[in-house]
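Dropping query.tsv in here (TSV, C-alpha atoms and all ligand atoms):
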```tsv
chain	number	residue	atom	x	y	z
A	1	MET	CA	164.90	-40.95	35.46
A	2	THR	CA	165.67	-43.68	38.01
A	3	GLU	CA	168.88	-45.68	37.63
A	4	ALA	CA	168.30	-49.38	36.94
A	5	GLY	CA	168.26	-51.27	40.25
A	6	ALA	CA	168.13	-48.16	42.39
A	7	PRO	CA	165.36	-48.28	45.00
A	8	THR	CA	162.46	-45.98	44.16
A	9	ALA	CA	161.29	-43.89	47.10
A	10	VAL	CA	157.55	-44.43	47.54
A	11	SER	CA	157.10	-42.46	50.76
A	12	GLY	CA	158.99	-40.13	53.08
A	13	PRO	CA	160.31	-40.98	56.52
A	14	ALA	CA	157.72	-42.48	58.86
A	15	ALA	CA	155.72	-39.93	60.84
A	16	PRO	CA	156.47	-39.87	64.57
A	17	VAL	CA	153.68	-41.64	66.45
A	18	VAL	CA	151.72	-40.04	69.28
A	19	LEU	CA	149.91	-42.49	71.53
A	20	LEU	CA	146.49	-41.13	72.57
A	21	LEU	CA	145.10	-42.98	75.58
A	22	ALA	CA	141.65	-42.78	77.13
A	23	GLY	CA	140.78	-44.39	80.44
A	24	PRO	CA	137.68	-45.90	82.01
A	25	ASN	CA	134.21	-44.73	80.99
A	26	LEU	CA	135.42	-42.31	78.35
A	27	ASP	CA	133.76	-44.64	75.84
A	28	LEU	CA	130.47	-43.23	77.22
A	29	LEU	CA	131.23	-39.68	76.11
A	30	GLY	CA	128.40	-38.04	74.20
A	31	ASP	CA	125.88	-40.31	75.88
A	32	ARG	CA	125.61	-39.06	79.47
A	33	GLN	CA	126.58	-35.98	81.50
A	34	PRO	CA	126.89	-33.65	78.47
A	35	GLU	CA	126.76	-30.72	80.90
A	36	VAL	CA	130.12	-31.89	82.30
A	37	TYR	CA	131.85	-33.55	79.34
A	38	GLY	CA	130.10	-32.08	76.29
A	39	ARG	CA	128.19	-33.79	73.50
A	40	ASP	CA	131.11	-35.02	71.42
A	41	THR	CA	132.00	-38.69	71.45
A	42	LEU	CA	135.49	-40.03	72.05
A	43	ALA	CA	135.67	-40.79	68.31
A	44	ASP	CA	135.05	-37.07	67.66
A	45	HIS	CA	137.94	-36.15	69.98
A	46	VAL	CA	140.25	-38.70	68.36
A	47	ALA	CA	139.36	-37.22	64.96
A	48	THR	CA	140.23	-33.73	66.28
A	49	ALA	CA	143.59	-35.03	67.49
A	50	ARG	CA	144.31	-36.78	64.19
A	51	ASP	CA	143.45	-33.66	62.25
A	52	ALA	CA	145.82	-31.53	64.35
A	53	ALA	CA	148.50	-34.22	64.16
A	54	SER	CA	148.35	-34.38	60.37
A	55	ARG	CA	149.18	-30.66	60.24
A	56	HIS	CA	152.44	-31.45	62.04
A	57	GLY	CA	153.32	-34.63	60.17
A	58	LEU	CA	152.45	-36.75	63.20
A	59	ALA	CA	150.57	-40.05	63.32
A	60	VAL	CA	148.10	-40.86	66.10
A	61	GLU	CA	147.58	-44.31	67.58
A	62	ASP	CA	144.60	-44.41	69.94
A	63	LEU	CA	143.34	-46.75	72.62
A	64	GLN	CA	140.46	-46.52	75.06
A	65	SER	CA	140.28	-49.06	77.83
A	66	ASN	CA	138.25	-49.62	80.96
A	67	HIS	CA	141.12	-51.76	82.30
A	68	GLU	CA	144.09	-50.28	84.11
A	69	GLY	CA	146.44	-53.09	83.07
A	70	GLU	CA	145.65	-52.66	79.40
A	71	LEU	CA	146.57	-48.98	79.61
A	72	VAL	CA	149.76	-49.83	81.51
A	73	GLU	CA	150.70	-52.31	78.79
A	74	ALA	CA	149.99	-49.74	76.08
A	75	VAL	CA	152.42	-47.36	77.79
A	76	HIS	CA	155.03	-50.14	77.94
A	77	GLY	CA	154.47	-50.81	74.25
A	78	ALA	CA	155.06	-47.15	73.46
A	79	ARG	CA	158.58	-47.19	74.94
A	80	GLY	CA	161.16	-46.66	72.22
A	81	ARG	CA	158.41	-46.64	69.58
A	82	CYS	CA	156.20	-43.61	70.18
A	83	ALA	CA	157.42	-40.02	70.29
A	84	ALA	CA	154.91	-38.85	72.90
A	85	ILE	CA	151.85	-39.82	74.90
A	86	ILE	CA	148.63	-37.87	75.42
A	87	VAL	CA	146.56	-39.44	78.17
A	88	ASN	CA	143.13	-38.78	79.61
A	89	PRO	CA	143.27	-41.40	82.36
A	90	GLY	CA	139.63	-40.90	83.45
A	91	ALA	CA	139.17	-41.70	87.13
A	92	LEU	CA	142.50	-43.60	87.14
A	93	THR	CA	143.97	-40.08	87.29
A	94	HIS	CA	143.16	-39.96	90.95
A	95	TYR	CA	144.57	-43.28	92.20
A	96	SER	CA	146.50	-45.31	89.64
A	97	TRP	CA	150.07	-45.54	90.84
A	98	ALA	CA	150.52	-48.33	88.27
A	99	LEU	CA	149.82	-45.88	85.46
A	100	HIS	CA	152.04	-43.31	87.21
A	101	ASP	CA	154.94	-45.77	87.29
A	102	ALA	CA	154.45	-46.86	83.66
A	103	LEU	CA	154.38	-43.25	82.43
A	104	ALA	CA	157.48	-42.47	84.52
A	105	ALA	CA	159.31	-45.18	82.54
A	106	PHE	CA	158.38	-43.62	79.18
A	107	HIS	CA	161.14	-41.50	77.61
A	108	GLY	CA	159.31	-38.65	75.90
A	109	PRO	CA	156.71	-35.97	76.54
A	110	VAL	CA	153.55	-36.97	78.37
A	111	VAL	CA	150.55	-34.63	78.21
A	112	GLU	CA	147.79	-35.27	80.75
A	113	LEU	CA	144.43	-34.19	79.38
A	114	HIS	CA	141.02	-33.67	80.96
A	115	LEU	CA	137.82	-32.40	79.38
A	116	SER	CA	136.52	-31.00	82.65
A	117	ASN	CA	138.49	-29.16	85.30
A	118	PRO	CA	138.85	-31.71	88.11
A	119	ALA	CA	140.17	-29.01	90.47
A	120	ALA	CA	136.78	-27.28	90.28
A	121	ARG	CA	134.84	-30.47	91.05
A	122	GLU	CA	134.59	-32.90	94.00
A	123	GLU	CA	137.46	-32.98	96.48
A	124	TRP	CA	138.50	-36.53	95.48
A	125	ARG	CA	139.21	-35.30	91.95
A	126	HIS	CA	141.65	-32.65	93.16
A	127	THR	CA	144.54	-35.10	93.39
A	128	SER	CA	146.20	-36.41	90.25
A	129	VAL	CA	148.83	-39.13	90.63
A	130	VAL	CA	149.57	-38.72	86.91
A	131	SER	CA	150.47	-35.01	87.05
A	132	PRO	CA	153.85	-35.59	88.76
A	133	VAL	CA	155.03	-37.66	85.78
A	134	ALA	CA	153.39	-35.52	83.08
A	135	THR	CA	155.31	-32.91	81.15
A	136	GLY	CA	152.21	-30.75	81.38
A	137	THR	CA	148.46	-30.90	81.91
A	138	ILE	CA	145.51	-29.48	79.97
A	139	THR	CA	142.22	-29.29	81.88
A	140	GLY	CA	138.80	-27.74	81.58
A	141	LEU	CA	138.89	-26.74	77.92
A	142	GLY	CA	136.56	-29.46	76.66
A	143	GLY	CA	137.21	-30.99	73.26
A	144	ASP	CA	139.56	-28.19	72.28
A	145	GLY	CA	141.99	-29.78	74.73
A	146	TYR	CA	142.62	-32.56	72.20
A	147	ARG	CA	143.84	-30.08	69.59
A	148	LEU	CA	145.85	-28.17	72.20
A	149	ALA	CA	147.47	-31.36	73.50
A	150	VAL	CA	148.65	-32.28	69.99
A	151	GLU	CA	149.96	-28.72	69.45
A	152	ALA	CA	151.83	-28.99	72.75
A	153	VAL	CA	153.36	-32.33	71.80
A	154	ALA	CA	154.35	-31.01	68.36
A	155	GLY	CA	156.21	-28.15	70.03
A	156	LEU	CA	157.85	-30.44	72.57
A	157	ILE	CA	159.20	-32.81	69.92
A	158	GLY	CA	160.19	-30.07	67.49
A	159	ARG	CA	157.40	-30.52	64.92
A	160	GLU	CA	155.93	-27.01	65.16
A	161	ARG	CA	156.10	-26.43	61.40
A	162	THR	CA	155.86	-29.04	58.66
B	201	LIG	O1	137.45	-34.42	82.75
B	201	LIG	C1	137.96	-35.48	82.39
B	201	LIG	O2	138.35	-35.66	81.25
B	201	LIG	C2	138.07	-36.64	83.39
B	201	LIG	O3	139.30	-37.30	83.16
B	201	LIG	C3	136.90	-37.55	83.10
B	201	LIG	C4	136.79	-38.72	84.10
B	201	LIG	C5	136.82	-38.20	85.53
B	201	LIG	O4	136.82	-39.30	86.43
B	201	LIG	C6	138.03	-37.34	85.78
B	201	LIG	O5	137.94	-36.86	87.11
B	201	LIG	C7	138.06	-36.16	84.83
B	201	LIG	C8	135.48	-39.48	83.91
B	201	LIG	C9	135.24	-40.00	82.55
B	201	LIG	C10	133.85	-40.56	82.56
B	201	LIG	O6	133.18	-40.05	81.45
B	201	LIG	C11	131.85	-40.23	81.40
B	201	LIG	C12	131.25	-39.78	80.26
B	201	LIG	C13	129.90	-39.92	80.09
B	201	LIG	C14	129.14	-40.53	81.10
B	201	LIG	C15	129.74	-40.98	82.23
B	201	LIG	C16	131.11	-40.84	82.39
```

Show me this structure written as structure tokens.
Ligand code: CA2
Amino acid sequence: MTEAGAPTAVSGPAAPVVLLLAGPNLDLLGDRQPEVYGRDTLADHVATARDAASRHGLAVEDLQSNHEGELVEAVHGARGRCAAIIVNPGALTHYSWALHDALAAFHGPVVELHLSNPAAREEWRHTSVVSPVATGTITGLGGDGYRLAVEAVAGLIGRERT
């Protein structure tokens, strides 16, 4: 029985939010180069991440952009609001010091994620300017990387079991 005037709880505390970012050209996933990136679309990977997140009481906010500045602004917007960031920066991985600096200013775990293993590909993909500001990096495990990245974040923010 609820006391008269007492607020009735309609939901629990808000789930911590994980920002899932995808950089340039990842909107083409599933369409071309399946031998490198697999047949799943980005929407499939986001669904995988959401599914894993729900098992840990986490919410996922996702954004794909072909524009560096939009991704930088999304990282700014996550400051003080999101618990963690999972980012597949696409080719920005290899040269975007702007994304590097934005991620460096985020207080929380940052997981860098790649479907392929850039270290096993062309020389220009061997450098990541994001890795130095990432808590950790998952590469070369295809779509399973999205589940693993969420599991990693859950552990890092103390949401292993819910
Ligand atoms: O392996 C990854 O996840 C990458 O971040 C993907 C980037 C690449 O530049 C990085 O070196 C590694 C490229 C994403 C482009 O995805 C496409 C998908 C289908 C067709 C064309 C590009």

Using atom CA of A:Val72 and atom CA of A:His100 as the two end points, give the distance in Å to one decimal.
9.0 Å

Ligand LIG 201 (chain B): which residues are within 10 Å, counting only C-alpha atoms and all ligand atoms, as a ChimeraX atom specification?
/A:22-39,41-42,87-94,112-119,121-122,124-128,138-143,145

Return as AutoDock Vina command-line options the box centre and box size in Å, one decimal, for an axis-aligned box around all listed atoms of stretch 19-29 of chain A padded by 6 Å per side.
```
--center_x 140.2 --center_y -42.8 --center_z 76.8 --size_x 31.4 --size_y 18.2 --size_z 22.5
```

So which residues touch A:Val150 within 7 Å, counting all atoms listed in the file, skipping near sequence neighbours fewer than 2 positions away, as a PDB file with C-alpha atoms, keeping the file's coordinate frame?
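Result written to result.pdb:
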```
ATOM      1  CA  ALA A  49     143.590 -35.030  67.490  1.00  0.00           C
ATOM      2  CA  ALA A  52     145.820 -31.530  64.350  1.00  0.00           C
ATOM      3  CA  ALA A  53     148.500 -34.220  64.160  1.00  0.00           C
ATOM      4  CA  TYR A 146     142.620 -32.560  72.200  1.00  0.00           C
ATOM      5  CA  ARG A 147     143.840 -30.080  69.590  1.00  0.00           C
ATOM      6  CA  LEU A 148     145.850 -28.170  72.200  1.00  0.00           C
ATOM      7  CA  ALA A 152     151.830 -28.990  72.750  1.00  0.00           C
ATOM      8  CA  VAL A 153     153.360 -32.330  71.800  1.00  0.00           C
ATOM      9  CA  ALA A 154     154.350 -31.010  68.360  1.00  0.00           C
TER      10      ALA A 154
END
```

Expressed in Å, the length from atom CA of A:Cys82 to atom CA of A:Leu19 is 6.5 Å

Can you put N, CA and C atoms back into stretch 31-49 of chain A and show it as a PDB file, in the frame of the given file?
```pdb
ATOM      1  N   ASP A  31     127.072 -39.566  75.524  1.00  0.00           N
ATOM      2  CA  ASP A  31     125.880 -40.310  75.880  1.00  0.00           C
ATOM      3  C   ASP A  31     125.250 -39.756  77.168  1.00  0.00           C
ATOM      4  N   ARG A  32     126.110 -39.531  78.175  1.00  0.00           N
ATOM      5  CA  ARG A  32     125.610 -39.060  79.470  1.00  0.00           C
ATOM      6  C   ARG A  32     126.438 -37.865  79.933  1.00  0.00           C
ATOM      7  N   GLN A  33     125.918 -37.146  80.896  1.00  0.00           N
ATOM      8  CA  GLN A  33     126.580 -35.980  81.500  1.00  0.00           C
ATOM      9  C   GLN A  33     127.152 -34.995  80.473  1.00  0.00           C
ATOM     10  N   PRO A  34     126.374 -34.619  79.451  1.00  0.00           N
ATOM     11  CA  PRO A  34     126.890 -33.650  78.470  1.00  0.00           C
ATOM     12  C   PRO A  34     127.196 -32.301  79.098  1.00  0.00           C
ATOM     13  N   GLU A  35     126.513 -32.000  80.237  1.00  0.00           N
ATOM     14  CA  GLU A  35     126.760 -30.720  80.900  1.00  0.00           C
ATOM     15  C   GLU A  35     128.171 -30.661  81.496  1.00  0.00           C
ATOM     16  N   VAL A  36     128.762 -31.835  81.743  1.00  0.00           N
ATOM     17  CA  VAL A  36     130.120 -31.890  82.300  1.00  0.00           C
ATOM     18  C   VAL A  36     131.145 -32.142  81.194  1.00  0.00           C
ATOM     19  N   TYR A  37     130.834 -33.096  80.304  1.00  0.00           N
ATOM     20  CA  TYR A  37     131.850 -33.550  79.340  1.00  0.00           C
ATOM     21  C   TYR A  37     131.556 -33.162  77.886  1.00  0.00           C
ATOM     22  N   GLY A  38     130.426 -32.484  77.662  1.00  0.00           N
ATOM     23  CA  GLY A  38     130.100 -32.080  76.290  1.00  0.00           C
ATOM     24  C   GLY A  38     129.350 -33.168  75.538  1.00  0.00           C
ATOM     25  N   ARG A  39     129.003 -32.863  74.293  1.00  0.00           N
ATOM     26  CA  ARG A  39     128.190 -33.790  73.500  1.00  0.00           C
ATOM     27  C   ARG A  39     129.015 -34.625  72.531  1.00  0.00           C
ATOM     28  N   ASP A  40     130.282 -34.268  72.361  1.00  0.00           N
ATOM     29  CA  ASP A  40     131.110 -35.020  71.420  1.00  0.00           C
ATOM     30  C   ASP A  40     131.457 -36.396  71.964  1.00  0.00           C
ATOM     31  N   THR A  41     131.597 -37.341  71.052  1.00  0.00           N
ATOM     32  CA  THR A  41     132.000 -38.690  71.450  1.00  0.00           C
ATOM     33  C   THR A  41     133.532 -38.758  71.480  1.00  0.00           C
ATOM     34  N   LEU A  42     134.031 -39.848  72.033  1.00  0.00           N
ATOM     35  CA  LEU A  42     135.490 -40.030  72.050  1.00  0.00           C
ATOM     36  C   LEU A  42     136.019 -40.094  70.607  1.00  0.00           C
ATOM     37  N   ALA A  43     135.239 -40.717  69.718  1.00  0.00           N
ATOM     38  CA  ALA A  43     135.670 -40.790  68.310  1.00  0.00           C
ATOM     39  C   ALA A  43     135.815 -39.385  67.723  1.00  0.00           C
ATOM     40  N   ASP A  44     134.933 -38.472  68.115  1.00  0.00           N
ATOM     41  CA  ASP A  44     135.050 -37.070  67.660  1.00  0.00           C
ATOM     42  C   ASP A  44     136.372 -36.469  68.153  1.00  0.00           C
ATOM     43  N   HIS A  45     136.705 -36.720  69.420  1.00  0.00           N
ATOM     44  CA  HIS A  45     137.940 -36.150  69.980  1.00  0.00           C
ATOM     45  C   HIS A  45     139.183 -36.750  69.313  1.00  0.00           C
ATOM     46  N   VAL A  46     139.111 -38.050  69.031  1.00  0.00           N
ATOM     47  CA  VAL A  46     140.250 -38.700  68.360  1.00  0.00           C
ATOM     48  C   VAL A  46     140.420 -38.090  66.964  1.00  0.00           C
ATOM     49  N   ALA A  47     139.292 -37.829  66.298  1.00  0.00           N
ATOM     50  CA  ALA A  47     139.360 -37.220  64.960  1.00  0.00           C
ATOM     51  C   ALA A  47     139.992 -35.820  65.041  1.00  0.00           C
ATOM     52  N   THR A  48     139.639 -35.065  66.070  1.00  0.00           N
ATOM     53  CA  THR A  48     140.230 -33.730  66.280  1.00  0.00           C
ATOM     54  C   THR A  48     141.746 -33.850  66.445  1.00  0.00           C
ATOM     55  N   ALA A  49     142.150 -34.825  67.246  1.00  0.00           N
ATOM     56  CA  ALA A  49     143.590 -35.030  67.490  1.00  0.00           C
ATOM     57  C   ALA A  49     144.305 -35.435  66.206  1.00  0.00           C
TER      58      ALA A  49
END
```
